[in-house]
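Trainee: Next up is a structure, given as C-alpha cells.
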Amino acid sequence: MIGNFPYLVVGILFVMGFIGLVFERNLMKIAIAMSVVEAATNLFIITLGYRSGGSIPVWTMAGGGSSRMVLPTPQALTLTAIVIGLATTALMLSFVMMIYRHYGSLDVRDVRRLRG
Amino acid sequence: MNPLSVVARTVCNLFAWFLAVFGIYVIIHGHLTPGGGFQGGAVVATFMAFLLVAHGGKKMQSWVKKDIFTLMECGGLTLFITAGLLGMSNTFFFNFLAKAGGLFGSVVPMGPNPGALNTSGTIALMNLSVGLEVVGGLSMILLYMFSGAHPEESFGREEAGHDR
Amino acid sequence: MNWQDHLPALLLAVPLFGAFLAPLTTLGGKGLRNAWFIFVSSVFTLIAFLLWVRVGATGPAIYVMGGQGWNLALPSGLSIPVRILMEVDAFSAFMVLLSAVAALAGAIFSVNYMERFSGVEKFVALYFLMVTGMFGMEITGDFFNFFVFLEISSVASFGLVAFWRDRGEALEAAFKYMLVSTLGAMMVLVAVAFLYSRYNVVNMAALGKVIEWGMVEKTALVLFLTALAMKCGAVPMHMWMPDAYAEAPAGVTCALIAVSQASLYGLFRVCFTIYGSFMGSPMIPWVIIVLGVLSMFIGVSMAVIQKEVGRLIAYHSVSQVGYMLLGFGVGLLALGDARAMADYGFTALKGGVFHIVNYTMYKGLLFLAAGALYYATGSRNLNEMGGLARQLPKTMVLFMIAAAAIAGLPPFNGFVSKLLIYESSFAVHPILAVFAMVTSVLTLASFVKIFQTAFLGPELKKFKDVREVPGSMLAGMTVLACAILVLSLFPTWSLNHLVEPAAKALVDQASYIGAVFAAAATGGGL
C-alpha cells in the first residue's frame with residue numbers, strides 16, 4: 001500500500017497540471033501548469049524504475065556491495081524528457097513574452113485575434 | 001537593465017568562476033559521474049546568467065558577441081554528428097574508440113574505484129561536444145530572452161524584412 | 001557490407017548535418033545558404049527514394065544504432081532488443097518517401113519566398129530539424145524514440161510557425177499549437193511508461209510480440225489514441241490546425257502537413273502493429289470512424305464560411321484527415337476477420353493509404369499556391385482579391401490542378417482514393433459513404449469559391465502591377481504538381497507499386513515483428 005503513494009502523488013500532480021492548463025486564464029500560469037504536467041510525467045517514469053533498497057546503477061559498482069540496483073533505463077528516459085522539457089519551457093516563455101509585447105495583456109480572453 | 005550594486009558585483013566576480021569550473025568538471029567527467037554534457041553545460045550557462053544579472057546588458061555586450069555562441073553551438077553539434085559518422089564502418093554512432101587503447105580507449109577497471117578518465121570512447125567525446133553545444137545554446141537563449149525583454153539593449157545585428 | 005544497409009541511418013544523419021551546418025553557411029553569403037538548403041533537401045529525398053526501392057525489393061529493413069553490426073538486434077542471445085533500433089517496413093518507407101517530396105517542395109519554394117527576411121539561416125536549421133523529427137517518427141522501431149522525434153519535430157515547428165514573430169497572430173497560433181502538442185507528447189510519454197512498467201520493453205516489435213489485453217494496455221491505448229489524434233488534427237482538438245497552418249510561412253506549412261501525417265502514421269502503427277491482434281472488438285475502430293466522420297463534416301462546414309485563403313484551406317485539412325481516419329477505421333474494423341478483410345477492409349486501407357499521399361501532395365500545393373497569392377498581392381483576404389488570372393497565369397494553373405485533385409474530380413488522384421473509401425465504407429454502413437460524399441461536394445463548392453473570387457472576375461486597379469511569382473516558388477509548386485499528375489495519370493501503377501505494399505505491410509503484423517527477431521536468428525553477422 002505505502003509503495004503506491006508515489007503513484008498517487010504523481011496522479012494528483014498530473015491532474016493539477018491538467019486543470020491548470022484548462023482553466024487558468026493567465027498565459028504565465030498556463031506555462032507553469034504545462035511544466036507541472038511535465039514534472040509529473042518525469043516523476044512517474046522515475047518512480048517506475050525504483051527498487052526498494054537498490055543502489056545507484058553504476059557499472060563498476062556491479063558485484064561489489066549491494067547487488068540490487070534501481071533500473072537505469074527510466075533514468076535515462078527521464079533525462080531525455082527533462083532536456084526536451086527545458087527546450088519547450090524556454091520557447092513557451094519566449095512566446096509569452098512576445099505575446100505580451102504584441103497584445104499588451106497576458107489574459108487569454110484578450111489574446112484572441114484568430115477565431116472562427 | 002542596470003548593473004546591480006557594487007556588493008553584488010564583487011560577490012559575483014569572486015564566486016561566479018566556481019560555477020564555470022564546476023560546470024566544466026561535470027562536462028569532463030560526464031562518463032564517470034552523474035551528470036554529463038547537458039548538466040555541465042547548464043551550469044556553465046548559469047555563469048553567464050550571473051554575469052548578465054550582476055553587470056547588466058551593456059557590459060555583457062562589450063564582453064561577448066552572440067556569434068561566438070552560435071559558433072559554439074554549431075561546432076558542438078557538428079562534432080557530435082561527426083563522431084557518429086566516424087563509426088559508420090560498423091554502424092552510425094558505433095563506439096569505435098572504446099577499448100582501442102588510444103584516446104579515451106582504456107578498459108574500465110572493475111570494482112569501486114576513483115574513476116579512470118581515459119575510458120568509454122566516443123561517449124566522452126560526445127559529452128564534450130554536447131557540453132559545448134549546451135553552453136552555446138543556453139547562453140544564447142538567455143541573451144535572446146534578455147534582448148526580447150529589453151529591446152533597447154539588443155545584441156547583434158538588426159532584423160530586416162519582417163513587415164508590419 | 002553493403003552501403004545500402006546504412007540508408008536508415010543516413011536518412012536521419014543527412015538532415016541533422018544540414019541543420020547543424022546551416023548557421024555556418026551564412027558566412028558564405030545568401031547564395032551558399034540557399035544552395036545548401038536545396039542540396040541537403042535533394043540528398044535526403046534521394047535517400048528516401050533509395051530506401052523505398054530497397055524496402056520494396058528486400059522486405060523490412062532494420063538498423064541498430066551504435067551496434068557492432070547494423071542488424072545485431074539481439075546481442076549475445078538476449079531475448080529482447082537493446083540499443084536504438086530503426087525499423088523500416090513498406091508502410092514506413094512509403095511515408096518517408098512522400099514526406100521527403102513534400103519537404104523538398106517546401107524547401108525549394110522557401111528559397112525565394114523567404115529571401116526578404118533576416119534570420120533565414122535559423123529558418124533553414126529549424127526546417128531540417130523538423131524534417132529529421134518527421135523521418136525519425138516514421139522509421140523508428142521503439143516507442144521512446146518515437147516520443148523524442150515527436151518532440152524534435154514539434155519544437156522545431158513551433159519556432160517555424162512563429163517565424164514571423166512581428167505578427168501577433170503568428171505567436172498566438174504557435175502558442176496554441178504548442179499547448180496541444182506538448183500535452184499530446186506528454187500523454188504519449190505516459191503511455192510509453194505504462195507499457196514499459198508492464199513489459200520492461202519500449203521496442204515496438206518486442207512489445208507487439210508479448211502484449212496481452214489488460215487494464216494497463218487499455219489505458220495506454222486510450223492515451224496514445226487521444227494524443228496522436230490531437231496531433232494530427234482530428235475534430236475535438238482541431239482548433240490549432242487552421243491557426244498554425246494559416247500563420248506559418250507557406251513552405252513550412254507544406255512540410256507541417258507531412259509532420260501531421262507522421263503523427264497519423266504513429267496512430268496506425270500503434271493500432272495495427274502493437275494492438276493488431278486485439279482489434280476483434282469493434283469499439284476502437286468505431287471510435288476512429290466516428291472521429292473521422294466528425295472531422296470530415298465539421299472541417300468542411302467550417303471551411304465554407306472562411307474569408308482568408310489560408311484558413312479556408314487549413315479547415316479542409318481537418319476534413320481530409322477525416323477521410324483517412326474513416327478509411328483506416330474501416331480497415332481496422334475488418335482486421336480480425338479474414339472474409340471482411342478481403343471483402344471491403346483491404347479496399348478501405350488502400351483508400352486510406354492512397355489518400356495520405358494524395359492529401360500530402362495536393363494540400364501542400366494548395367498551401368504553396370496560397371503563399372504565392374500572399375507573396376504577390378500582400379493580402380490574405382479573399383474579399384479583396386479578384387481578376388488575378390491575368391497577372392498570375394502559372395500560379396493559377398498549378399492551383400487549378402490542386403483544387404481539382406482535392407475536390408475529387410474524375411481524372412485526378414483525389415477521385416481514386418475517395419472512390420475506394422466510398423466503396424468500402426458503404427459496405428460497413430451506407431450513412432458513412434453519404435457523409436463522405438456530402439463532404440466532397442462541399443469541398444468542391446469552397447474551391448470553386450476561391451478560384452472564382454481570386455482568379456476570375458474583372459481586373460482590379462490595385463493589382464495592376466502584380467507580377468508572376470519568382471522561379472523557385474514556381475519550381476517548388478511544380479514538384480508537387482508533377483507528383484499529382486503522375487499519381488493521376490497512372491492510377492493502376494501507383495495503386496500496385498506505391499499503395500498496395502504499404503497497405504499490406506500495415507496489416508502484416510507478423511513480418512514487422514519477425515524482422516527484428518529473424519535478424520537475430522541468423523546470428524546478426526557482419
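Letters A, B, ... mark the chains of the C-alpha cells in the order given; residue numbers begin at 1 per chain; ligand numbers begin at 1, in order shown.
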Quick one: everything within 12 Å of Gln75 (chain A), counting only C-alpha atoms, minus sequence neighbours fewer than 2 positions away in the same chain. Send it as a list in words.
Mentor: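 Within the cut-off, the hits are Asn42, Leu43, Phe44, Ile45, Ile46, Thr47, Leu48, Gly49, Tyr50, Ile56, Pro57, Val70, Leu71, Pro72, Thr73, Leu77, Thr78, Leu79, Thr80, Ala81 and Ile82 of chain A; Pro34 and Gly35 of chain B; Ala193 of chain C.
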Trainee: Please give the complete set of residues from region 112-207 of chain C that DSSP, run on the backbone, assigns to helix (DSSP H, G or I), formatted as an MDAnalysis selection string.
Mentor: chainID C and resid 112:113 120:139 143:161 168:199 204:207
Trainee: Define the interface residues of chain C facing chain B as those within 10 Å, counting only C-alpha atoms, and report them as a PyMOL selection string.
Mentor: chain C and resi 1+3+5-6+8-10+13-14+16-24+63-71+114-119+163-167+526
Trainee: Check which residues of chain B sit at most 12 Å from chain A using only C-alpha atoms, and return one row each with the closest pair of atoms and their distance in Å to one decimal, ordered by chain and rising number, as a Markdown table.
Mentor:
```
| residue | atom | partner | partner_atom | distance |
| --- | --- | --- | --- | --- |
| B:His31 | CA | A:Val58 | CA | 10.5 |
| B:Leu32 | CA | A:Val58 | CA | 8.7 |
| B:Thr33 | CA | A:Val58 | CA | 8.7 |
| B:Pro34 | CA | A:Val58 | CA | 9.2 |
| B:Gly35 | CA | A:Leu79 | CA | 9.6 |
| B:Gly36 | CA | A:Leu79 | CA | 10.5 |
| B:Gly37 | CA | A:Val83 | CA | 11.2 |
| B:Phe38 | CA | A:Val83 | CA | 7.8 |
| B:Gln39 | CA | A:Val83 | CA | 9.3 |
| B:Gly41 | CA | A:Val83 | CA | 11.7 |
| B:Ala42 | CA | A:Val83 | CA | 10.3 |
| B:Val107 | CA | A:Thr60 | CA | 11.4 |
| B:Val108 | CA | A:Thr60 | CA | 7.7 |
| B:Pro109 | CA | A:Thr60 | CA | 7.1 |
| B:Met110 | CA | A:Thr60 | CA | 5.1 |
| B:Gly111 | CA | A:Thr60 | CA | 5.1 |
| B:Pro112 | CA | A:Met61 | CA | 5.5 |
| B:Asn113 | CA | A:Thr60 | CA | 7.7 |
| B:Pro114 | CA | A:Thr60 | CA | 10.2 |
| B:Gly115 | CA | A:Thr60 | CA | 8.8 |
| B:Ala116 | CA | A:Thr60 | CA | 10.7 |
| B:Ser120 | CA | A:Trp59 | CA | 11.9 |
| B:Val130 | CA | A:Val83 | CA | 11.9 |
| B:Val134 | CA | A:Val83 | CA | 10.3 |
| B:Gly137 | CA | A:Ala87 | CA | 10.1 |
| B:Leu138 | CA | A:Ala87 | CA | 9.3 |
| B:Ser139 | CA | A:Ala90 | CA | 11.9 |
| B:Met140 | CA | A:Ala90 | CA | 11.4 |
| B:Ile141 | CA | A:Ala90 | CA | 7.7 |
| B:Leu142 | CA | A:Ala90 | CA | 9.2 |
| B:Leu143 | CA | A:Ser94 | CA | 11.6 |
| B:Tyr144 | CA | A:Ser94 | CA | 8.9 |
| B:Met145 | CA | A:Ser94 | CA | 6.6 |
| B:Phe146 | CA | A:Ser94 | CA | 10.0 |
| B:Ser147 | CA | A:Ser94 | CA | 10.9 |
| B:Gly148 | CA | A:Met98 | CA | 7.5 |
| B:Ala149 | CA | A:Met97 | CA | 7.3 |
| B:His150 | CA | A:Met97 | CA | 10.9 |
| B:Pro151 | CA | A:Arg101 | CA | 10.5 |
| B:Arg164 | CA | A:His102 | CA | 11.5 |
```
Trainee: Can you work out which residues from chain A touch chain C at a cut-off of 7 Å (counting only C-alpha atoms) and hand them back as a PyMOL selection string?
Mentor: chain A and resi 38+41+45+48+88+95+99+102+113-114
